[in-house]
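Trainee: Dropping in model-v1.txt, with compact mmCIF, C-alpha atoms.
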```txt
# COMPACT_ATOMS: atom_id res chain seq x y z
CA MET W 1 77.16 -25.45 -143.25
CA ARG W 2 76.63 -21.99 -144.70
CA THR W 3 73.65 -21.44 -142.37
CA SER W 4 75.73 -22.36 -139.31
CA ILE W 5 78.47 -19.89 -140.36
CA ILE W 6 75.89 -17.10 -140.72
CA ARG W 7 74.31 -18.03 -137.38
CA GLY W 8 77.74 -18.07 -135.73
CA ALA W 9 78.58 -14.66 -137.18
CA LEU W 10 75.24 -13.20 -136.04
CA LEU W 11 75.71 -14.69 -132.59
CA GLY W 12 79.21 -13.17 -132.41
CA ILE W 13 77.86 -9.75 -133.43
CA LEU W 14 75.09 -9.97 -130.81
CA LEU W 15 77.54 -10.99 -128.08
CA LEU W 16 79.83 -8.10 -129.03
CA ALA W 17 76.89 -5.68 -128.88
CA PHE W 18 75.90 -6.91 -125.43
CA ALA W 19 79.49 -6.81 -124.18
CA SER W 20 80.19 -3.23 -125.36
CA PRO W 21 78.23 -1.46 -122.60
CA GLY W 22 80.03 -3.60 -120.01
CA ILE W 23 83.39 -2.65 -121.51
CA ALA W 24 82.41 1.05 -121.52
CA MET W 25 81.28 0.87 -117.88
CA ALA W 26 84.47 -0.90 -116.85
CA GLY W 27 86.39 1.97 -118.44
CA GLY W 28 84.65 4.52 -116.20
CA HIS W 29 82.27 5.99 -118.78
CA HIS W 30 79.25 5.36 -116.53
CA LYS W 31 80.10 8.09 -114.02
CA LYS W 32 77.05 10.04 -112.88
CA GLY W 33 78.28 13.63 -112.53
CA CYS W 34 80.60 15.13 -109.94
CA SER W 35 81.63 13.38 -106.76
CA ASN W 36 81.20 15.34 -103.55
CA ILE W 37 83.48 12.98 -101.61
CA GLY W 38 86.44 14.83 -100.14
CA THR W 39 87.09 17.85 -97.95
CA TRP W 40 85.54 21.23 -98.67
CA PHE W 41 86.34 24.63 -97.15
CA GLY W 42 83.91 27.52 -96.95
CA VAL W 43 84.95 30.36 -99.26
CA VAL W 44 83.54 33.76 -100.21
CA GLY W 45 82.45 32.54 -103.65
CA PRO W 46 83.52 31.50 -107.13
CA GLY W 47 86.80 33.20 -107.91
CA ASP W 48 87.40 34.28 -104.29
CA THR W 49 88.77 31.41 -102.21
CA THR W 50 89.15 33.46 -99.03
CA PHE W 51 88.13 31.15 -96.16
CA THR W 52 84.87 31.87 -94.33
CA GLY W 53 85.44 29.55 -91.36
CA TRP W 54 83.76 26.22 -92.04
CA SER W 55 84.87 22.86 -93.39
CA VAL W 56 83.16 19.58 -94.17
CA THR W 57 84.64 16.18 -94.90
CA VAL W 58 82.38 14.02 -97.01
CA THR W 59 82.88 10.25 -97.14
CA GLY W 60 81.01 7.35 -98.67
CA ASN W 61 81.22 3.83 -99.96
CA SER W 62 79.61 4.97 -103.21
CA GLU W 63 78.82 8.09 -105.19
CA LYS W 64 75.17 7.84 -104.08
CA MET W 65 75.30 8.27 -100.31
CA GLY W 66 77.57 8.56 -97.32
CA SER W 67 78.38 10.54 -94.20
CA ASN W 68 79.83 13.94 -93.41
CA LEU W 69 81.68 15.70 -90.61
CA PHE W 70 81.04 19.44 -90.41
CA GLU W 71 82.94 22.02 -88.37
CA PHE W 72 82.24 25.76 -88.10
CA PRO W 73 84.29 27.04 -85.12
CA VAL W 74 83.63 30.73 -85.87
CA PHE W 75 79.82 30.28 -85.96
CA ASP W 76 78.00 32.29 -83.25
CA PRO W 77 75.42 29.86 -81.78
CA SER W 78 73.97 32.65 -79.59
CA PHE W 79 72.67 34.48 -82.70
CA ALA W 80 73.58 37.73 -80.91
CA ASP W 81 73.27 39.67 -84.18
CA VAL W 82 69.76 38.34 -84.98
CA PRO W 83 67.21 40.65 -83.31
CA ASP W 84 64.49 37.98 -82.86
CA LEU W 85 66.92 35.52 -81.22
CA ALA W 86 69.43 37.71 -79.36
CA GLY W 87 69.08 37.29 -75.60
CA VAL W 88 66.41 34.60 -75.94
CA PRO W 89 66.86 31.21 -74.25
CA PRO W 90 68.34 28.78 -75.16
CA PHE W 91 70.41 30.84 -77.63
CA LYS W 92 71.64 33.39 -75.08
CA PHE W 93 73.43 30.59 -73.19
CA ALA W 94 75.23 29.15 -76.23
CA LYS W 95 78.96 29.90 -76.41
CA ARG W 96 80.16 27.41 -79.03
CA ILE W 97 78.91 24.73 -81.37
CA GLY W 98 80.63 21.35 -81.58
CA SER W 99 81.45 19.24 -84.60
CA MET W 100 78.37 18.05 -86.43
CA ARG W 101 77.87 14.68 -88.05
CA GLY W 102 75.36 13.40 -90.53
CA ASN W 103 74.58 11.89 -93.89
CA TRP W 104 74.17 12.88 -97.52
CA LYS W 105 72.59 11.40 -100.64
CA ARG W 106 72.83 12.14 -104.36
CA THR W 107 69.66 13.68 -105.82
CA GLY W 108 70.82 14.34 -109.39
CA TRP W 109 73.78 14.69 -111.73
CA ASN W 110 75.67 17.22 -109.54
CA THR W 111 73.17 17.70 -106.71
CA PHE W 112 72.98 16.32 -103.19
CA ASP W 113 70.89 16.64 -100.02
CA TYR W 114 72.40 16.49 -96.55
CA THR W 115 71.52 16.57 -92.86
CA PHE W 116 73.88 16.77 -89.89
CA THR W 117 73.32 17.19 -86.19
CA GLY W 118 75.33 18.49 -83.24
CA PHE W 119 75.20 20.39 -79.95
CA ALA W 120 75.53 24.02 -78.91
CA TYR W 121 77.27 24.33 -75.56
CA ALA W 122 77.25 26.82 -72.68
CA SER W 123 80.49 28.09 -71.18
CA ASP W 124 80.33 25.28 -68.60
CA LYS W 125 80.27 22.75 -71.47
CA GLU W 126 76.64 21.77 -70.86
CA PRO W 127 74.53 21.28 -74.02
CA VAL W 128 71.97 24.08 -74.34
CA TYR W 129 70.39 23.00 -77.62
CA ILE W 130 70.65 20.50 -80.44
CA ALA W 131 71.16 21.88 -83.94
CA LYS W 132 69.99 19.86 -86.94
CA ILE W 133 71.03 21.41 -90.25
CA SER W 134 69.71 20.30 -93.64
CA GLY W 135 70.03 21.60 -97.14
CA HIS W 136 70.99 21.13 -100.76
CA VAL W 137 74.39 21.11 -102.46
CA VAL W 138 75.13 21.81 -106.13
CA LEU W 139 78.64 21.16 -107.48
CA PHE W 140 79.84 23.32 -110.39
CA ASN W 141 82.86 24.73 -112.22
CA LYS W 142 84.44 21.35 -113.05
CA CYS W 143 83.43 19.98 -109.62
CA ARG W 144 85.72 22.43 -107.79
CA TYR W 145 83.03 24.54 -106.11
CA GLN W 146 79.86 23.81 -104.21
CA TYR W 147 76.83 26.02 -103.65
CA THR W 148 75.02 25.09 -100.43
CA THR W 149 71.76 26.08 -98.76
CA ALA W 150 71.19 25.53 -95.04
CA LEU W 151 68.24 25.50 -92.64
CA MET W 152 68.78 24.91 -88.90
CA GLU W 153 66.18 23.21 -86.76
CA VAL W 154 66.66 23.75 -83.02
CA PHE W 155 65.75 21.27 -80.29
CA LEU W 156 66.20 21.40 -76.52
CA PRO W 157 68.75 18.90 -75.11
CA ASN W 158 66.02 16.57 -73.79
CA MET W 159 64.22 16.43 -77.16
CA ARG W 160 64.56 13.83 -79.92
CA PRO W 161 65.73 15.64 -83.08
CA PHE W 162 64.80 12.64 -85.23
CA HIS W 163 61.13 12.62 -84.17
CA ASP W 164 60.11 15.77 -82.27
CA GLU W 165 59.06 19.11 -83.74
CA PRO W 166 61.76 21.79 -83.44
CA ILE W 167 61.33 24.78 -81.15
CA ALA W 168 62.70 26.99 -83.96
CA GLN W 169 63.69 26.89 -87.62
CA ILE W 170 66.39 29.32 -88.70
CA PRO W 171 67.32 29.86 -92.36
CA LEU W 172 71.12 30.13 -92.40
CA GLY W 173 71.36 31.25 -96.01
CA GLU W 174 73.60 30.26 -98.88
CA PHE W 175 77.26 29.30 -98.80
CA TYR W 176 80.08 28.42 -101.18
CA GLY W 177 82.71 25.75 -100.70
CA TYR W 178 85.96 24.95 -102.47
CA ARG W 179 87.30 21.42 -102.85
CA ALA W 180 90.59 20.75 -101.03
CA LYS W 181 93.18 19.01 -103.17
CA VAL W 182 96.60 17.51 -102.79
CA ASP W 183 98.77 20.56 -103.48
CA LEU W 184 102.43 19.91 -102.79
CA PRO W 185 104.63 23.04 -102.67
CA TYR W 186 107.26 21.52 -104.98
```
Would you kindly transcribe this structure into structure tokens?
Mentor:
Amino acid sequence: MRTSIIRGALLGILLLAFASPGIAMAGGHHKKGCSNIGTWFGVVGPGDTTFTGWSVTVTGNSEKMGSNLFEFPVFDPSFADVPDLAGVPPFKFAKRIGSMRGNWKRTGWNTFDYTFTGFAYASDKEPVYIAKISGHVVLFNKCRYQYTTALMEVFLPNMRPFHDEPIAQIPLGEFYGYRAKVDLPY
């Protein structure tokens, strides 16, 4: 009898030990860093939330991967201020760049990789090149800011950006984003 009581107590302790991690995970203690899901606006940098002209909406069914929609209406797809590209086809024909769509994946605690693709258009609305932009994102300052790197690969409209070699690779630099939030005025 005494042996069965001791065994029962030990079994109860073991079951409690195995159940504790499940209870902790159910309470949300398993979270793996910041979430990048939401809408972000390009800003000058940490402490200066002056808009720089781009926005991205990041969605996903999990914290590990998902899709994004990127817009940068003030971007100059002609690269008129870049000496090596100014006046060179296909860039000289580009008047605007459309919305870009793509995917992202988590690479670490607060780090992510992304790729999105879209078209640069001439004034007659014909595509003049395909832009494929990839880079890294790091979230910081309590998940309110993102630091982003970007590299653009350029393909002609008849090329396959998922398989062909680009005609050009253009480092776009580093950017900062600020997380949009629900911010009622009252």
Trainee: Kindly indicate which residue among W:Gly47, W:Pro185, W:Gly102, W:Gly135 lies nearest to W:Gly173, using all atoms listed in the file for the distances.
Mentor: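 Result for the nearest residue to W:Gly173: W:Gly135.
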Trainee: For W:Pro46, which residue among W:Leu139, W:Val128, W:Val88, W:Leu156 is the nearest when counting all atoms listed in the file?
Mentor: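 For W:Pro46, the nearest of the candidates is W:Leu139.
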Trainee: When distances are computed from all atoms listed in the file, which of W:Asn68, W:Asp84, W:Pro73, W:Ala180 shows the smallest separation from W:Ile133?
Mentor: W:Asn68
Trainee: Which of these residues is nearest to W:Tyr178, using all atoms listed in the file: W:Val74, W:Val138, W:Ile130, W:Ile97?
Mentor: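 Using all atoms listed in the file, the shortest distance to W:Tyr178 belongs to W:Val138.
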Trainee: Identify, on the basis of only C-alpha atoms, every residue whose closest approach to W:Gly66 does not exceed 9 Å; exclude the query and any residue fewer than 2 positions from it along the same chain; express the result as a VMD selection string.
Mentor: chain W and resid 37 58 to 64 68 102 to 105
Trainee: Record the distance separating atom CA of W:Arg101 and atom CA of W:Ala150, expressed in Å with one decimal.
Mentor: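 Separating atom CA of W:Arg101 from atom CA of W:Ala150 is a distance of 14.5 Å.
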Trainee: May I have the residues at most 7 Å from (69.2, 21.5, -95.6) in the file's coordinates, counting all atoms listed in the file, as a list of chain:residue names?
Mentor: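 Here is the list of nearby residues: W:Asp113, W:Tyr114, W:Thr115, W:Ile133, W:Ser134, W:Gly135, W:His136, W:Thr149, W:Ala150, W:Leu151.
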Trainee: Excluding W:Val43 and its own-chain neighbours fewer than 2 positions away, which residues fall within 12 Å of it when counting only C-alpha atoms? Please give them as a list of chain:residue names.
Mentor: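 Those residues are W:Trp40, W:Phe41, W:Gly45, W:Pro46, W:Gly47, W:Asp48, W:Thr49, W:Thr50, W:Phe51, W:Thr52, W:Gly53, W:Trp54, W:Ser55, W:Arg144, W:Tyr145, W:Gln146, W:Tyr147, W:Thr148, W:Glu174, W:Phe175, W:Tyr176, W:Gly177, W:Tyr178, W:Arg179, W:Ala180.
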